[in-house]
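Note: the block below is structure-v3.cif and it holds mmCIF, C-alpha atoms; chains and numbers go by the auth columns.
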```cif
data_data
#
loop_
_atom_site.group_PDB
_atom_site.id
_atom_site.type_symbol
_atom_site.label_atom_id
_atom_site.label_comp_id
_atom_site.label_asym_id
_atom_site.label_seq_id
_atom_site.Cartn_x
_atom_site.Cartn_y
_atom_site.Cartn_z
_atom_site.B_iso_or_equiv
_atom_site.auth_seq_id
_atom_site.auth_asym_id
ATOM 1 C CA MET A 1 -16.122 -18.790 13.779 0.00 225 Y
ATOM 2 C CA LYS A 2 -12.548 -19.357 12.571 0.00 226 Y
ATOM 3 C CA ALA A 3 -13.863 -21.118 9.463 0.00 227 Y
ATOM 4 C CA GLN A 4 -16.043 -18.099 8.655 0.00 228 Y
ATOM 5 C CA THR A 5 -13.062 -15.759 9.068 0.00 229 Y
ATOM 6 C CA LEU A 6 -10.917 -17.948 6.835 0.00 230 Y
ATOM 7 C CA ILE A 7 -13.628 -18.162 4.189 0.00 231 Y
ATOM 8 C CA ALA A 8 -14.150 -14.391 4.331 0.00 232 Y
ATOM 9 C CA SER A 9 -10.400 -13.812 3.967 0.00 233 Y
ATOM 10 C CA LEU A 10 -10.173 -16.176 1.015 0.00 234 Y
ATOM 11 C CA CYS A 11 -13.194 -14.570 -0.667 0.00 235 Y
ATOM 12 C CA ALA A 12 -11.701 -11.131 -0.157 0.00 236 Y
ATOM 13 C CA ALA A 13 -8.396 -12.307 -1.612 0.00 237 Y
ATOM 14 C CA LEU A 14 -10.138 -13.788 -4.644 0.00 238 Y
ATOM 15 C CA LEU A 15 -12.250 -10.680 -5.171 0.00 239 Y
ATOM 16 C CA SER A 16 -9.219 -8.457 -4.774 0.00 240 Y
ATOM 17 C CA SER A 17 -7.216 -10.559 -7.214 0.00 241 Y
ATOM 18 C CA ALA A 18 -10.047 -10.374 -9.725 0.00 242 Y
ATOM 19 C CA ALA A 19 -10.307 -6.611 -9.256 0.00 243 Y
ATOM 20 C CA LEU A 20 -6.570 -6.161 -9.712 0.00 244 Y
ATOM 21 C CA ALA A 21 -6.593 -8.406 -12.768 0.00 245 Y
ATOM 22 C CA SER A 22 -9.395 -6.376 -14.348 0.00 246 Y
ATOM 23 C CA ASP A 23 -7.476 -3.126 -13.817 0.00 247 Y
ATOM 24 C CA PRO A 24 -3.996 -3.457 -15.308 0.00 248 Y
ATOM 25 C CA ALA A 25 -3.009 -0.099 -13.830 0.00 249 Y
ATOM 26 C CA ALA A 26 -3.596 -1.477 -10.331 0.00 250 Y
ATOM 27 C CA THR A 27 -1.740 -4.754 -10.853 0.00 251 Y
ATOM 28 C CA PRO A 28 1.680 -4.754 -9.203 0.00 252 Y
ATOM 29 C CA ASN A 29 4.571 -5.154 -11.581 0.00 253 Y
ATOM 30 C CA THR A 30 6.847 -7.137 -9.302 0.00 254 Y
ATOM 31 C CA THR A 31 9.533 -7.517 -11.950 0.00 255 Y
ATOM 32 C CA THR A 32 10.355 -3.803 -11.856 0.00 256 Y
ATOM 33 C CA LEU A 33 9.756 -2.979 -8.201 0.00 257 Y
ATOM 34 C CA PRO A 34 12.889 -2.449 -6.159 0.00 258 Y
ATOM 35 C CA ALA A 35 13.197 -4.752 -3.171 0.00 259 Y
ATOM 36 C CA ALA A 36 11.294 -3.573 -0.121 0.00 260 Y
ATOM 37 C CA HIS A 37 13.611 -2.387 2.610 0.00 261 Y
ATOM 38 C CA ILE A 38 13.642 -0.948 6.112 0.00 262 Y
ATOM 39 C CA THR A 39 14.728 2.689 6.114 0.00 263 Y
ATOM 40 C CA ASP A 40 14.193 3.491 9.801 0.00 264 Y
ATOM 41 C CA SER A 41 14.798 0.531 12.100 0.00 265 Y
ATOM 42 C CA SER A 42 13.496 2.503 15.093 0.00 266 Y
ATOM 43 C CA MET A 43 9.952 2.252 13.691 0.00 267 Y
ATOM 44 C CA ASP A 44 7.783 -0.804 14.115 0.00 268 Y
ATOM 45 C CA LEU A 45 5.035 -1.786 11.667 0.00 269 Y
ATOM 46 C CA ASN A 46 2.363 0.146 13.550 0.00 270 Y
ATOM 47 C CA LYS A 47 4.322 3.430 13.484 0.00 271 Y
ATOM 48 C CA THR A 48 5.247 2.870 9.859 0.00 272 Y
ATOM 49 C CA MET A 49 1.595 2.358 8.897 0.00 273 Y
ATOM 50 C CA LYS A 50 0.588 5.470 10.836 0.00 274 Y
ATOM 51 C CA ASN A 51 3.159 7.481 8.889 0.00 275 Y
ATOM 52 C CA MET A 52 1.798 6.031 5.654 0.00 276 Y
ATOM 53 C CA GLY A 53 -1.665 7.186 6.701 0.00 277 Y
ATOM 54 C CA ARG A 54 -0.419 10.656 7.624 0.00 278 Y
ATOM 55 C CA HIS A 55 1.218 11.191 4.230 0.00 279 Y
ATOM 56 C CA PHE A 56 -1.727 9.676 2.364 0.00 280 Y
ATOM 57 C CA LYS A 57 -4.062 12.068 4.189 0.00 281 Y
ATOM 58 C CA ALA A 58 -1.805 15.010 3.297 0.00 282 Y
ATOM 59 C CA LEU A 59 -1.914 13.977 -0.368 0.00 283 Y
ATOM 60 C CA ASN A 60 -5.682 13.635 -0.274 0.00 284 Y
ATOM 61 C CA GLN A 61 -6.031 17.103 1.230 0.00 285 Y
ATOM 62 C CA ALA A 62 -3.455 18.813 -0.980 0.00 286 Y
ATOM 63 C CA SER A 63 -4.909 21.716 -2.931 0.00 287 Y
ATOM 64 C CA ASP A 64 -2.244 21.137 -5.592 0.00 288 Y
ATOM 65 C CA ILE A 65 -1.235 17.506 -5.889 0.00 289 Y
ATOM 66 C CA LEU A 66 1.612 18.487 -8.198 0.00 290 Y
ATOM 67 C CA ALA A 67 3.218 20.368 -5.294 0.00 291 Y
ATOM 68 C CA ALA A 68 3.000 17.381 -2.932 0.00 292 Y
ATOM 69 C CA SER A 69 5.989 15.375 -4.131 0.00 293 Y
ATOM 70 C CA ALA A 70 7.543 15.265 -0.636 0.00 294 Y
ATOM 71 C CA ASP A 71 4.466 13.418 0.678 0.00 295 Y
ATOM 72 C CA VAL A 72 4.586 11.010 -2.270 0.00 296 Y
ATOM 73 C CA ASP A 73 8.262 10.285 -1.608 0.00 297 Y
ATOM 74 C CA ALA A 74 7.552 9.707 2.098 0.00 298 Y
ATOM 75 C CA LEU A 75 4.570 7.482 1.286 0.00 299 Y
ATOM 76 C CA LEU A 76 6.770 5.346 -0.965 0.00 300 Y
ATOM 77 C CA THR A 77 9.459 5.081 1.715 0.00 301 Y
ATOM 78 C CA TYR A 78 6.982 4.005 4.381 0.00 302 Y
ATOM 79 C CA THR A 79 5.170 1.614 2.021 0.00 303 Y
ATOM 80 C CA SER A 80 8.443 -0.125 1.242 0.00 304 Y
ATOM 81 C CA GLN A 81 9.251 -0.313 4.944 0.00 305 Y
ATOM 82 C CA ALA A 82 5.772 -1.644 5.793 0.00 306 Y
ATOM 83 C CA GLU A 83 6.182 -4.406 3.229 0.00 307 Y
ATOM 84 C CA ALA A 84 9.584 -5.374 4.604 0.00 308 Y
ATOM 85 C CA LEU A 85 8.515 -5.153 8.256 0.00 309 Y
ATOM 86 C CA GLY A 86 5.180 -6.863 7.833 0.00 310 Y
ATOM 87 C CA LEU A 87 6.709 -10.064 6.599 0.00 311 Y
ATOM 88 C CA SER A 88 9.997 -10.155 8.455 0.00 312 Y
ATOM 89 C CA LEU A 89 9.565 -9.215 12.102 0.00 313 Y
ATOM 90 C CA PRO A 90 8.589 -12.089 14.373 0.00 314 Y
ATOM 91 C CA ASP A 91 6.942 -9.833 16.982 0.00 315 Y
ATOM 92 C CA THR A 92 4.358 -8.386 14.582 0.00 316 Y
ATOM 93 C CA ASP A 93 0.869 -9.659 13.946 0.00 317 Y
ATOM 94 C CA ALA A 94 2.087 -10.566 10.457 0.00 318 Y
ATOM 95 C CA ALA A 95 4.074 -13.419 12.021 0.00 319 Y
ATOM 96 C CA LYS A 96 0.732 -15.000 12.981 0.00 320 Y
ATOM 97 C CA LEU A 97 -0.704 -14.867 9.454 0.00 321 Y
ATOM 98 C CA THR A 98 -1.313 -17.895 7.288 0.00 322 Y
ATOM 99 C CA ALA A 99 0.650 -18.350 4.079 0.00 323 Y
ATOM 100 C CA GLU A 100 -2.389 -17.140 2.114 0.00 324 Y
ATOM 101 C CA GLN A 101 -2.707 -14.037 4.265 0.00 325 Y
ATOM 102 C CA LYS A 102 1.002 -13.292 3.902 0.00 326 Y
ATOM 103 C CA ALA A 103 0.666 -13.611 0.130 0.00 327 Y
ATOM 104 C CA ALA A 104 -2.324 -11.248 0.171 0.00 328 Y
ATOM 105 C CA TYR A 105 -0.380 -8.774 2.340 0.00 329 Y
ATOM 106 C CA LEU A 106 2.590 -8.912 -0.010 0.00 330 Y
ATOM 107 C CA GLN A 107 0.366 -8.491 -3.070 0.00 331 Y
ATOM 108 C CA GLY A 108 -1.375 -5.490 -1.502 0.00 332 Y
ATOM 109 C CA MET A 109 1.849 -3.783 -0.460 0.00 333 Y
ATOM 110 C CA GLN A 110 3.402 -4.369 -3.873 0.00 334 Y
ATOM 111 C CA ALA A 111 0.295 -2.987 -5.576 0.00 335 Y
ATOM 112 C CA MET A 112 0.492 0.026 -3.272 0.00 336 Y
ATOM 113 C CA ARG A 113 4.183 0.635 -4.036 0.00 337 Y
ATOM 114 C CA GLU A 114 3.584 0.273 -7.774 0.00 338 Y
ATOM 115 C CA ARG A 115 0.783 2.835 -7.670 0.00 339 Y
ATOM 116 C CA VAL A 116 2.847 5.252 -5.525 0.00 340 Y
ATOM 117 C CA ILE A 117 5.665 5.003 -8.073 0.00 341 Y
ATOM 118 C CA ALA A 118 3.120 5.729 -10.821 0.00 342 Y
ATOM 119 C CA LEU A 119 1.944 8.723 -8.764 0.00 343 Y
ATOM 120 C CA GLN A 120 5.531 9.992 -8.525 0.00 344 Y
ATOM 121 C CA THR A 121 5.856 9.715 -12.301 0.00 345 Y
ATOM 122 C CA ALA A 122 2.575 11.529 -12.948 0.00 346 Y
ATOM 123 C CA ILE A 123 3.640 14.359 -10.640 0.00 347 Y
ATOM 124 C CA GLN A 124 7.088 14.586 -12.230 0.00 348 Y
ATOM 125 C CA HIS A 125 5.421 14.931 -15.640 0.00 349 Y
ATOM 126 C CA LYS A 126 2.892 17.488 -14.311 0.00 350 Y
ATOM 127 C CA ARG A 127 -0.131 15.295 -15.086 0.00 351 Y
ATOM 128 C CA ALA A 128 -2.540 16.378 -12.333 0.00 352 Y
ATOM 129 C CA GLU A 129 -5.621 14.496 -13.559 0.00 353 Y
ATOM 130 C CA GLU A 130 -3.684 11.251 -13.877 0.00 354 Y
ATOM 131 C CA ALA A 131 -2.198 11.818 -10.405 0.00 355 Y
ATOM 132 C CA LYS A 132 -5.699 12.229 -8.931 0.00 356 Y
ATOM 133 C CA LYS A 133 -6.860 8.984 -10.555 0.00 357 Y
ATOM 134 C CA ILE A 134 -3.835 7.141 -9.216 0.00 358 Y
ATOM 135 C CA LEU A 135 -4.438 8.580 -5.748 0.00 359 Y
ATOM 136 C CA ASN A 136 -7.977 7.141 -5.917 0.00 360 Y
ATOM 137 C CA GLN A 137 -6.513 3.751 -6.870 0.00 361 Y
ATOM 138 C CA ILE A 138 -4.147 3.961 -3.904 0.00 362 Y
ATOM 139 C CA ASN A 139 -7.121 4.703 -1.671 0.00 363 Y
ATOM 140 C CA GLU A 140 -8.936 1.601 -2.962 0.00 364 Y
ATOM 141 C CA ILE A 141 -5.880 -0.577 -2.306 0.00 365 Y
ATOM 142 C CA ARG A 142 -5.574 0.952 1.172 0.00 366 Y
ATOM 143 C CA LYS A 143 -9.238 0.325 1.983 0.00 367 Y
ATOM 144 C CA ASP A 144 -9.089 -3.230 0.669 0.00 368 Y
ATOM 145 C CA GLY A 145 -6.069 -3.993 2.854 0.00 369 Y
ATOM 146 C CA HIS A 146 -7.654 -2.463 5.922 0.00 370 Y
ATOM 147 C CA ASN A 147 -10.883 -4.393 5.348 0.00 371 Y
ATOM 148 C CA ARG A 148 -9.055 -7.658 4.658 0.00 372 Y
ATOM 149 C CA PHE A 149 -7.011 -7.485 7.841 0.00 373 Y
ATOM 150 C CA GLY A 150 -9.665 -5.894 10.047 0.00 374 Y
ATOM 151 C CA ILE A 151 -7.801 -2.639 10.617 0.00 375 Y
#
```
Can you give me the file's structure in the form of structure tokens?
Amino acid sequence: MKAQTLIASLCAALLSSAALASDPAATPNTTTLPAAHITDSSMDLNKTMKNMGRHFKALNQASDILAASADVDALLTYTSQAEALGLSLPDTDAAKLTAEQKAAYLQGMQAMRERVIALQTAIQHKRAEEAKKILNQINEIRKDGHNRFGI
């Protein structure tokens, strides 16, 4: 059973990498991303992810995405924190991940942060259609991560 799980994880990572490579807009640009950091040390990874979900849901339900910059800012803050927490705290499930899984987690979180930054930019420049497309890309990254890690 463990071999099947490992094979499934590796296949998902390969498929995800191929999907990201075929969509340059979804590929994380790690050279320009600021370092991930913990903003609120009172929050564990689970609470941080729940806050990410809450702000993502608010963005998805916003009648005017251009007026939702506070949710975008919060989503970026929590995404950065989730990246930092997920790979650094020994009491999280991330501490039990293989090196490949940690790399996939890091790649997913960096892709998410890059897309959230692109969403901020689209909103700042009042480009609603572009913002909606980016929000869909964020949703795909979110779903891929949840599927990959069985969340």
At a cut-off of 8 Å, using only C-alpha atoms, what residues contact region 262-267 of chain Y? Leave out same-chain residues fewer than 6 positions from it and give the result as a CSV table (one decimal) with C-alpha atoms, in the coordinates of the input.
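Dumped everything to selection_37.csv:
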```
chain,number,residue,atom,x,y,z
Y,301,THR,CA,9.5,5.1,1.7
Y,304,SER,CA,8.4,-0.1,1.2
Y,305,GLN,CA,9.3,-0.3,4.9
Y,306,ALA,CA,5.8,-1.6,5.8
Y,308,ALA,CA,9.6,-5.4,4.6
Y,309,LEU,CA,8.5,-5.2,8.3
```
For a quick check of understanding, using all atoms listed in the file, which of Y:Asp288, Y:Glu364, Y:Asp268, Y:Asp297 has the smallest distance to Val340 (chain Y)? Y:Asp297
I'd like the contact shell of Asn284 (chain Y) - 9 Å cut-off, all atoms listed in the file, skipping same-chain residues fewer than 3 positions apart - returned as a VMD selection string. chain Y and resid 279 to 281 287 289 356 359 to 360
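Separating CA of Ala260 (chain Y) from CA of Thr345 (chain Y) is a distance of 18.8 Å.
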Using the chain letters and residue numbers of this document, give as an MDAnalysis selection string the residues selected by the PyMOL selection byres ((chain Y and resi 258) around 10). chainID Y and resid 254:257 259:261 304 334 337:338
Export of prior selection with C-alpha atoms as an mmCIF file, in the coordinates of the input:
```cif
data_model
loop_
_atom_site.group_PDB
_atom_site.id
_atom_site.type_symbol
_atom_site.label_atom_id
_atom_site.label_comp_id
_atom_site.auth_asym_id
_atom_site.auth_seq_id
_atom_site.Cartn_x
_atom_site.Cartn_y
_atom_site.Cartn_z
ATOM 1 C CA THR Y 254 6.847 -7.137 -9.302
ATOM 2 C CA THR Y 255 9.533 -7.517 -11.950
ATOM 3 C CA THR Y 256 10.355 -3.803 -11.856
ATOM 4 C CA LEU Y 257 9.756 -2.979 -8.201
ATOM 5 C CA ALA Y 259 13.197 -4.752 -3.171
ATOM 6 C CA ALA Y 260 11.294 -3.573 -0.121
ATOM 7 C CA HIS Y 261 13.611 -2.387 2.610
ATOM 8 C CA SER Y 304 8.443 -0.125 1.242
ATOM 9 C CA GLN Y 334 3.402 -4.369 -3.873
ATOM 10 C CA ARG Y 337 4.183 0.635 -4.036
ATOM 11 C CA GLU Y 338 3.584 0.273 -7.774
#
```
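From CA of Lys320 (chain Y) back to CA of Asn363 (chain Y), the distance works out to 25.8 Å.
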List every protein, DNA or RNA residue that has an atom no more than 9 Å from (0.3, -3.9, -2.7) in the file's coordinate frame, counting all atoms listed in the file, and report them as an mmCIF file with C-alpha atoms, in the frame of the given file.
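To be explicit, this is the file written out as result_6.cif:
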```cif
data_model
loop_
_atom_site.group_PDB
_atom_site.id
_atom_site.type_symbol
_atom_site.label_atom_id
_atom_site.label_comp_id
_atom_site.auth_asym_id
_atom_site.auth_seq_id
_atom_site.Cartn_x
_atom_site.Cartn_y
_atom_site.Cartn_z
ATOM 1 C CA ALA Y 250 -3.596 -1.477 -10.331
ATOM 2 C CA THR Y 251 -1.740 -4.754 -10.853
ATOM 3 C CA PRO Y 252 1.680 -4.754 -9.203
ATOM 4 C CA THR Y 303 5.170 1.614 2.021
ATOM 5 C CA GLU Y 307 6.182 -4.406 3.229
ATOM 6 C CA ALA Y 328 -2.324 -11.248 0.171
ATOM 7 C CA TYR Y 329 -0.380 -8.774 2.340
ATOM 8 C CA LEU Y 330 2.590 -8.912 -0.010
ATOM 9 C CA GLN Y 331 0.366 -8.491 -3.070
ATOM 10 C CA GLY Y 332 -1.375 -5.490 -1.502
ATOM 11 C CA MET Y 333 1.849 -3.783 -0.460
ATOM 12 C CA GLN Y 334 3.402 -4.369 -3.873
ATOM 13 C CA ALA Y 335 0.295 -2.987 -5.576
ATOM 14 C CA MET Y 336 0.492 0.026 -3.272
ATOM 15 C CA ARG Y 337 4.183 0.635 -4.036
ATOM 16 C CA GLU Y 338 3.584 0.273 -7.774
ATOM 17 C CA ARG Y 339 0.783 2.835 -7.670
ATOM 18 C CA ILE Y 365 -5.880 -0.577 -2.306
ATOM 19 C CA ARG Y 366 -5.574 0.952 1.172
ATOM 20 C CA GLY Y 369 -6.069 -3.993 2.854
#
```
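Of the residues under consideration (Y:Asn270, Y:Ser293, Y:Asn275, Y:Gln285), Y:Ser293 shows the shortest atom-to-atom contact distance to Lys350 (chain Y) when counting all atoms listed in the file.
Residue nearest Arg351 (chain Y) within the list Y:Met276, Y:Leu321, Y:Leu290, Y:Ile375: Y:Leu290 [criterion: smallest interatomic distance, only C-alpha atoms].
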One decimal, in Å: what's the spacing between CA of Val296 (chain Y) and CA of Leu283 (chain Y)? 7.4 Å
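Across Y:Lys326, Y:Lys271, Y:Arg278, Y:His349, the tightest approach to Gly310 (chain Y) is made by Y:Lys326 when counting all atoms listed in the file.
Distances to Arg372 (chain Y) were evaluated for Y:Ile341, Y:Glu324, Y:Ala294, Y:Lys274 using all atoms listed in the file, and the minimum falls at Y:Glu324.
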Residue rebuild result region 292-303 of chain Y, all heavy atoms as a CSV table (one decimal), in the frame of the given file:
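Below is the file out.csv, written as the result:
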```
chain,number,residue,atom,x,y,z
Y,292,ALA,N,2.9,18.3,-4.1
Y,292,ALA,CA,3.0,17.4,-2.9
Y,292,ALA,C,4.0,16.2,-3.1
Y,292,ALA,O,3.8,15.2,-2.5
Y,292,ALA,CB,1.6,16.8,-2.6
Y,293,SER,N,5.1,16.5,-3.9
Y,293,SER,CA,6.0,15.4,-4.1
Y,293,SER,C,6.7,14.9,-2.9
Y,293,SER,O,7.0,13.7,-2.8
Y,293,SER,CB,7.0,15.8,-5.2
Y,293,SER,OG,7.8,16.9,-4.7
Y,294,ALA,N,6.9,15.7,-1.9
Y,294,ALA,CA,7.5,15.3,-0.6
Y,294,ALA,C,6.7,14.2,0.1
Y,294,ALA,O,7.2,13.2,0.6
Y,294,ALA,CB,7.8,16.4,0.3
Y,295,ASP,N,5.4,14.4,0.1
Y,295,ASP,CA,4.5,13.4,0.7
Y,295,ASP,C,4.4,12.1,-0.1
Y,295,ASP,O,4.4,11.0,0.5
Y,295,ASP,CB,3.0,14.0,0.8
Y,295,ASP,CG,3.0,15.0,2.0
Y,295,ASP,OD1,3.3,14.6,3.1
Y,295,ASP,OD2,2.5,16.1,1.7
Y,296,VAL,N,4.5,12.2,-1.4
Y,296,VAL,CA,4.6,11.0,-2.3
Y,296,VAL,C,5.9,10.2,-2.0
Y,296,VAL,O,5.8,9.0,-1.8
Y,296,VAL,CB,4.5,11.4,-3.8
Y,296,VAL,CG1,4.6,10.1,-4.6
Y,296,VAL,CG2,3.2,12.1,-4.1
Y,297,ASP,N,7.0,10.9,-1.9
Y,297,ASP,CA,8.3,10.3,-1.6
Y,297,ASP,C,8.2,9.6,-0.2
Y,297,ASP,O,8.7,8.5,-0.1
Y,297,ASP,CB,9.4,11.3,-1.6
Y,297,ASP,CG,9.6,11.9,-3.0
Y,297,ASP,OD1,9.1,11.3,-4.0
Y,297,ASP,OD2,10.3,12.9,-3.1
Y,298,ALA,N,7.7,10.3,0.8
Y,298,ALA,CA,7.6,9.7,2.1
Y,298,ALA,C,6.6,8.5,2.1
Y,298,ALA,O,6.9,7.5,2.7
Y,298,ALA,CB,7.1,10.8,3.1
Y,299,LEU,N,5.5,8.6,1.4
Y,299,LEU,CA,4.6,7.5,1.3
Y,299,LEU,C,5.3,6.3,0.7
Y,299,LEU,O,5.1,5.1,1.2
Y,299,LEU,CB,3.3,7.9,0.5
Y,299,LEU,CG,2.2,6.8,0.3
Y,299,LEU,CD1,1.7,6.4,1.7
Y,299,LEU,CD2,1.1,7.3,-0.5
Y,300,LEU,N,6.1,6.5,-0.3
Y,300,LEU,CA,6.8,5.3,-1.0
Y,300,LEU,C,7.8,4.7,0.0
Y,300,LEU,O,7.9,3.5,0.1
Y,300,LEU,CB,7.5,5.8,-2.2
Y,300,LEU,CG,8.2,4.7,-3.0
Y,300,LEU,CD1,7.3,3.5,-3.4
Y,300,LEU,CD2,8.9,5.3,-4.2
Y,301,THR,N,8.5,5.6,0.7
Y,301,THR,CA,9.5,5.1,1.7
Y,301,THR,C,8.8,4.2,2.8
Y,301,THR,O,9.2,3.1,3.1
Y,301,THR,CB,10.2,6.3,2.4
Y,301,THR,OG1,10.9,7.0,1.4
Y,301,THR,CG2,11.1,5.8,3.5
Y,302,TYR,N,7.7,4.7,3.3
Y,302,TYR,CA,7.0,4.0,4.4
Y,302,TYR,C,6.3,2.8,3.9
Y,302,TYR,O,6.2,1.8,4.6
Y,302,TYR,CB,6.0,4.9,5.1
Y,302,TYR,CG,6.7,6.0,5.9
Y,302,TYR,CD1,6.5,7.3,5.8
Y,302,TYR,CD2,7.7,5.6,6.9
Y,302,TYR,CE1,7.1,8.3,6.5
Y,302,TYR,CE2,8.3,6.6,7.6
Y,302,TYR,CZ,8.1,7.9,7.4
Y,302,TYR,OH,8.7,8.9,8.2
Y,303,THR,N,5.8,2.8,2.6
Y,303,THR,CA,5.2,1.6,2.0
Y,303,THR,C,6.2,0.5,1.8
Y,303,THR,O,5.9,-0.7,2.2
Y,303,THR,CB,4.5,2.0,0.7
Y,303,THR,OG1,3.6,3.0,0.9
Y,303,THR,CG2,3.8,0.8,0.1
```
